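Take a look at the structure below.
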Amino acid sequence: MQSFLFSLFFGAYIFTIMGNGTIVCAVTLDKRLHTPMYILLGNFAFLEIWYISSTVPSMLVNFLSERKTVSFVGCLLQFYFFTSLGTTEAYFLCIMAYDRYLAICRPLHYPTIMTQQLCYILMSLCWVFGFLSYSVSTVQLCQLPFCGPNIIDHFVCDMDPLMALSCAPAPITEIIFYILSSVIIILTLLYIFGSYTLLLIAVLKVPSAAGRRKAFSTCGSHLTVVCLFFGALLVMYVSPTADNPATIQKITTLFYSVVTPFLNPLIYSLRNKEMKAALKKVLRLE
């Protein structure tokens, strides 16, 4: 079974790296894609490469290793990068929704508002705030006493499995983490769906069916990724998970940490003519 799982996740990991890497190359090399929408998409694909790399390589090593060990520092570093990159992804989905809102609801002002300079500022803020969000929780975890069982019943060092190993109860650490997670997830999700509500109202006012289809096609990919990513996050970090079996928690984590990055290249490339044309051009160059 471990050999089968190694082959499965190794294939998914390689496809994710190649797929998202190809999107990054396409956006970088094709000057027609040097617009805020595709710059955001290229940076999002770059983020997905790092996000899946925070969990899957260590999982693959464990499939082949008999000891399956992780150091204390390595575990905390994985927790920090896993949560920080996931938070950065949530922020990115917000500014991508903002970009689509401007493009469809305020098309005449879009070139003057969403400039490349503003685009790069927003992306930088996503990375900075993404990596600051869980720094306090990581420091709190470092200070917990771990003197009892040291077996993590998970494939990633996340809050629940780490708290289960702590020798002393730390309700404040858990409360801060889950309040912060809930606030980030709910606020970003409300902002995204608020943007899409206004966008939907604007699209329905378009007189021609062809115009409505074109507007929906530019947003369908982004909305699909939002539903996949946030759906699993809501189950894991907003709804009560303490009573859920460990298997359910692992499957849920697997969904937003591996499945979403895996599907990202397929969703964005198959539903976008400009991206498909750029990908064909890049692949021919290679």
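Note on naming: chains are A, B, ... as they come in the structure tokens, residues start from 1 per chain, ligands start from 1 in the order shown.
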Long-range neighbours of region 87-101 of chain A as a short mmCIF file (atom, residue, chain, number, x, y, z; two decimals) with N, CA, C and O atoms, in the first residue's frame, 9 Å cut-off, only C-alpha atoms, 4 positions minimum in chain:
data_model
loop_
_atom_site.label_atom_id
_atom_site.label_comp_id
_atom_site.auth_asym_id
_atom_site.auth_seq_id
_atom_site.Cartn_x
_atom_site.Cartn_y
_atom_site.Cartn_z
N PRO A 36 -2.29 42.59 -15.46
CA PRO A 36 -2.50 42.26 -14.05
C PRO A 36 -3.16 40.90 -13.83
O PRO A 36 -2.74 40.15 -12.93
N MET A 37 -4.15 40.54 -14.63
CA MET A 37 -4.84 39.27 -14.44
C MET A 37 -3.89 38.09 -14.54
O MET A 37 -3.89 37.18 -13.70
N LEU A 40 -1.05 38.05 -11.80
CA LEU A 40 -1.59 37.45 -10.57
C LEU A 40 -1.66 35.93 -10.69
O LEU A 40 -1.31 35.20 -9.77
N LEU A 41 -2.11 35.46 -11.85
CA LEU A 41 -2.22 34.02 -12.07
C LEU A 41 -0.85 33.35 -12.04
O LEU A 41 -0.68 32.27 -11.45
N ASN A 43 1.85 34.42 -10.46
CA ASN A 43 2.33 34.43 -9.08
C ASN A 43 1.58 33.41 -8.23
O ASN A 43 2.17 32.79 -7.35
N PHE A 44 0.30 33.23 -8.53
CA PHE A 44 -0.50 32.23 -7.80
C PHE A 44 0.02 30.82 -8.10
O PHE A 44 0.11 29.98 -7.20
N LEU A 47 3.13 30.30 -6.18
CA LEU A 47 2.78 30.03 -4.79
C LEU A 47 2.35 28.58 -4.60
O LEU A 47 2.72 27.93 -3.61
N GLU A 48 1.57 28.06 -5.56
CA GLU A 48 1.09 26.68 -5.45
C GLU A 48 2.25 25.68 -5.44
O GLU A 48 2.18 24.64 -4.78
N TYR A 51 3.55 25.77 -1.98
CA TYR A 51 2.55 25.27 -1.03
C TYR A 51 2.53 23.74 -1.00
O TYR A 51 2.58 23.14 0.08
N PHE A 82 3.55 25.77 6.07
CA PHE A 82 2.28 25.23 5.58
C PHE A 82 1.13 26.22 5.84
O PHE A 82 0.34 26.52 4.95
N THR A 83 1.06 26.74 7.07
CA THR A 83 -0.02 27.68 7.40
C THR A 83 0.20 29.03 6.71
O THR A 83 -0.76 29.65 6.24
N CYS A 105 -16.94 45.17 -13.65
CA CYS A 105 -17.85 46.18 -13.11
C CYS A 105 -17.40 47.61 -13.42
O CYS A 105 -18.24 48.52 -13.49
N ARG A 106 -16.10 47.81 -13.58
CA ARG A 106 -15.58 49.15 -13.89
C ARG A 106 -14.57 49.06 -15.03
O ARG A 106 -13.38 49.40 -14.85
N PRO A 107 -15.00 48.59 -16.19
CA PRO A 107 -14.05 48.33 -17.29
C PRO A 107 -13.32 49.57 -17.80
O PRO A 107 -12.17 49.48 -18.21
N TYR A 110 -10.61 50.40 -15.27
CA TYR A 110 -9.71 49.29 -14.93
C TYR A 110 -8.25 49.56 -15.26
O TYR A 110 -7.37 49.34 -14.42
N MET A 114 -6.07 49.34 -11.82
CA MET A 114 -5.25 48.13 -11.67
C MET A 114 -4.02 48.23 -12.58
O MET A 114 -3.92 47.56 -13.61
N CYS A 119 -0.58 46.17 -8.86
CA CYS A 119 -0.61 44.72 -8.87
C CYS A 119 0.56 44.15 -8.07
O CYS A 119 0.38 43.26 -7.22
N LEU A 122 0.07 44.84 -4.27
CA LEU A 122 -0.90 43.92 -3.67
C LEU A 122 -0.30 42.52 -3.49
O LEU A 122 -0.52 41.87 -2.46
N MET A 123 0.46 42.06 -4.48
CA MET A 123 1.09 40.74 -4.36
C MET A 123 2.10 40.72 -3.23
O MET A 123 2.17 39.75 -2.46
N LEU A 125 2.06 42.56 -0.53
CA LEU A 125 1.32 42.59 0.73
C LEU A 125 0.78 41.20 1.07
O LEU A 125 0.76 40.81 2.25
N CYS A 126 0.33 40.46 0.06
CA CYS A 126 -0.15 39.10 0.29
C CYS A 126 0.95 38.23 0.90
O CYS A 126 0.70 37.50 1.88
N TRP A 127 2.14 38.29 0.33
CA TRP A 127 3.26 37.49 0.84
C TRP A 127 3.65 37.92 2.25
O TRP A 127 3.87 37.08 3.14
N VAL A 128 3.73 39.23 2.49
CA VAL A 128 4.16 39.72 3.80
C VAL A 128 3.15 39.35 4.88
O VAL A 128 3.51 38.76 5.92
N PHE A 129 1.87 39.67 4.66
CA PHE A 129 0.85 39.38 5.68
C PHE A 129 0.60 37.88 5.81
O PHE A 129 0.25 37.40 6.89
N GLY A 130 0.79 37.14 4.71
CA GLY A 130 0.65 35.69 4.79
C GLY A 130 1.65 35.08 5.74
O GLY A 130 1.33 34.19 6.53
N PHE A 131 2.89 35.57 5.71
CA PHE A 131 3.94 35.00 6.56
C PHE A 131 3.98 35.62 7.95
O PHE A 131 4.66 35.10 8.83
N SER A 133 0.97 36.21 9.58
CA SER A 133 -0.29 35.84 10.22
C SER A 133 -0.12 34.81 11.33
O SER A 133 -0.73 34.91 12.40
N TYR A 134 0.68 33.75 11.09
CA TYR A 134 0.78 32.66 12.07
C TYR A 134 2.12 32.63 12.80
O TYR A 134 2.49 31.60 13.36
N SER A 181 -7.64 31.75 12.48
CA SER A 181 -7.98 31.00 11.26
C SER A 181 -9.40 31.32 10.80
O SER A 181 -9.64 31.54 9.61
N ILE A 184 -9.59 34.94 9.34
CA ILE A 184 -8.97 35.03 8.01
C ILE A 184 -9.83 34.35 6.96
O ILE A 184 -10.11 34.92 5.89
N ILE A 185 -10.29 33.12 7.24
CA ILE A 185 -11.06 32.37 6.25
C ILE A 185 -12.40 33.04 5.97
O ILE A 185 -12.78 33.23 4.81
N THR A 188 -11.97 36.67 4.23
CA THR A 188 -11.55 36.57 2.83
C THR A 188 -12.66 35.96 1.97
O THR A 188 -12.90 36.41 0.84
N LEU A 189 -13.36 34.97 2.52
CA LEU A 189 -14.44 34.34 1.77
C LEU A 189 -15.60 35.31 1.55
O LEU A 189 -16.18 35.37 0.45
N TYR A 191 -15.38 38.55 1.42
CA TYR A 191 -14.94 39.55 0.44
C TYR A 191 -15.04 39.00 -0.99
O TYR A 191 -15.52 39.69 -1.89
N ILE A 192 -14.60 37.76 -1.17
CA ILE A 192 -14.63 37.15 -2.50
C ILE A 192 -16.06 37.01 -3.01
O ILE A 192 -16.38 37.40 -4.14
N PHE A 193 -16.94 36.49 -2.16
CA PHE A 193 -18.32 36.31 -2.61
C PHE A 193 -19.06 37.63 -2.72
O PHE A 193 -19.98 37.76 -3.53
N SER A 195 -17.58 40.37 -3.83
CA SER A 195 -17.12 40.84 -5.15
C SER A 195 -17.86 40.14 -6.27
O SER A 195 -18.28 40.77 -7.26
N TYR A 196 -18.07 38.82 -6.12
CA TYR A 196 -18.74 38.07 -7.17
C TYR A 196 -20.24 38.33 -7.22
O TYR A 196 -20.86 38.18 -8.27
N LEU A 198 -21.55 41.38 -6.71
CA LEU A 198 -21.60 42.62 -7.51
C LEU A 198 -21.28 42.33 -8.97
O LEU A 198 -21.88 42.90 -9.89
N LEU A 199 -20.34 41.43 -9.18
CA LEU A 199 -19.96 41.05 -10.54
C LEU A 199 -21.12 40.37 -11.27
O LEU A 199 -21.39 40.65 -12.43
N THR A 218 -14.39 34.29 -17.83
CA THR A 218 -13.19 34.86 -17.22
C THR A 218 -13.18 34.67 -15.70
O THR A 218 -12.14 34.76 -15.07
N CYS A 219 -14.35 34.40 -15.13
CA CYS A 219 -14.45 34.26 -13.67
C CYS A 219 -14.67 32.83 -13.21
O CYS A 219 -14.46 32.52 -12.04
N HIS A 222 -11.56 31.01 -11.60
CA HIS A 222 -11.22 31.52 -10.27
C HIS A 222 -12.23 31.06 -9.23
O HIS A 222 -11.86 30.64 -8.12
N LEU A 223 -13.52 31.11 -9.57
CA LEU A 223 -14.56 30.72 -8.63
C LEU A 223 -14.49 29.23 -8.31
O LEU A 223 -14.76 28.82 -7.17
N VAL A 225 -11.69 27.39 -8.18
CA VAL A 225 -10.58 27.23 -7.23
C VAL A 225 -10.98 27.71 -5.84
O VAL A 225 -10.64 27.08 -4.83
N VAL A 226 -11.72 28.82 -5.78
CA VAL A 226 -12.18 29.35 -4.50
C VAL A 226 -13.05 28.33 -3.76
O VAL A 226 -12.86 28.07 -2.57
N PHE A 229 -10.87 25.26 -2.56
CA PHE A 229 -9.92 25.60 -1.49
C PHE A 229 -10.63 25.95 -0.19
O PHE A 229 -10.35 25.38 0.87
N PHE A 230 -11.58 26.87 -0.26
CA PHE A 230 -12.23 27.34 0.96
C PHE A 230 -13.21 26.31 1.53
O PHE A 230 -13.45 26.29 2.74
#
*Excluding region 56-58 of chain A and any residue of its chain fewer than 6 positions from it, enumerate the residues within 9 Å of it, using only C-alpha atoms, and give them as a ChimeraX atom specification.*
/A:9-10,13,70,155-156,257-258
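Distance annotation: of A:Asn20, A:Lys205, A:His154, A:Lys31, the residue with the minimal separation from Thr252 (chain A) is A:His154; atom set is only C-alpha atoms.
Interatomic distance, CA of Ser3 (chain A) to CA of Phe63 (chain A): 7.1 Å.
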_Can you pull out the residues contacting region 24-27 of chain A? Cut-off 6 Å, using only C-alpha atoms, and skip same-chain residues under 6 positions away; I want them as a ChimeraX atom specification._
/A:33,42,278-279,282
*Give me the residues within 8 Å of region 137-146 of chain A as a list in words, counting only C-alpha atoms and dropping any in the same chain fewer than 3 places off.*
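Here the qualifying residues turn out to be Leu76, Phe79, Tyr80, Tyr134, Pro149, Asn150, Leu165, Ser166, Cys167, Ala168, Ala170, Thr173, Ile176 and Phe177 of chain A.
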_Residue list (alpha helix (DSSP H), DSSP) for region 31-215 of chain A, as JSON, numbers by chain_ = {"A": [36, 37, 38, 39, 40, 41, 42, 43, 44, 45, 46, 47, 48, 49, 50, 51, 52, 53, 56, 57, 58, 59, 60, 61, 62, 63, 64, 72, 73, 74, 75, 76, 77, 78, 79, 80, 81, 82, 83, 84, 85, 86, 87, 88, 89, 90, 91, 92, 93, 94, 95, 96, 97, 98, 99, 100, 101, 102, 103, 104, 105, 110, 111, 112, 113, 116, 117, 118, 119, 120, 121, 122, 123, 124, 125, 126, 127, 128, 129, 130, 131, 132, 133, 135, 136, 137, 138, 139, 140, 141, 142, 159, 160, 161, 162, 163, 164, 165, 171, 172, 173, 174, 175, 176, 177, 178, 179, 180, 181, 182, 183, 184, 185, 186, 187, 188, 189, 190, 191, 192, 193, 194, 195, 196, 197, 198, 199, 200, 201, 202, 203, 204, 209, 210, 211, 212, 213, 214, 215]}
*asked:* Restricting the calculation to only C-alpha atoms: of A:Leu180, A:Thr115, A:Glu66, A:Ile172, which residue gets closest to Ser135 (chain A)?
replied: A:Leu180
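Proximity ranking of A:Leu60, A:Val259, A:Ala246, A:Phe46 relative to Gly21 (chain A) places A:Phe46 first, based on only C-alpha atoms.
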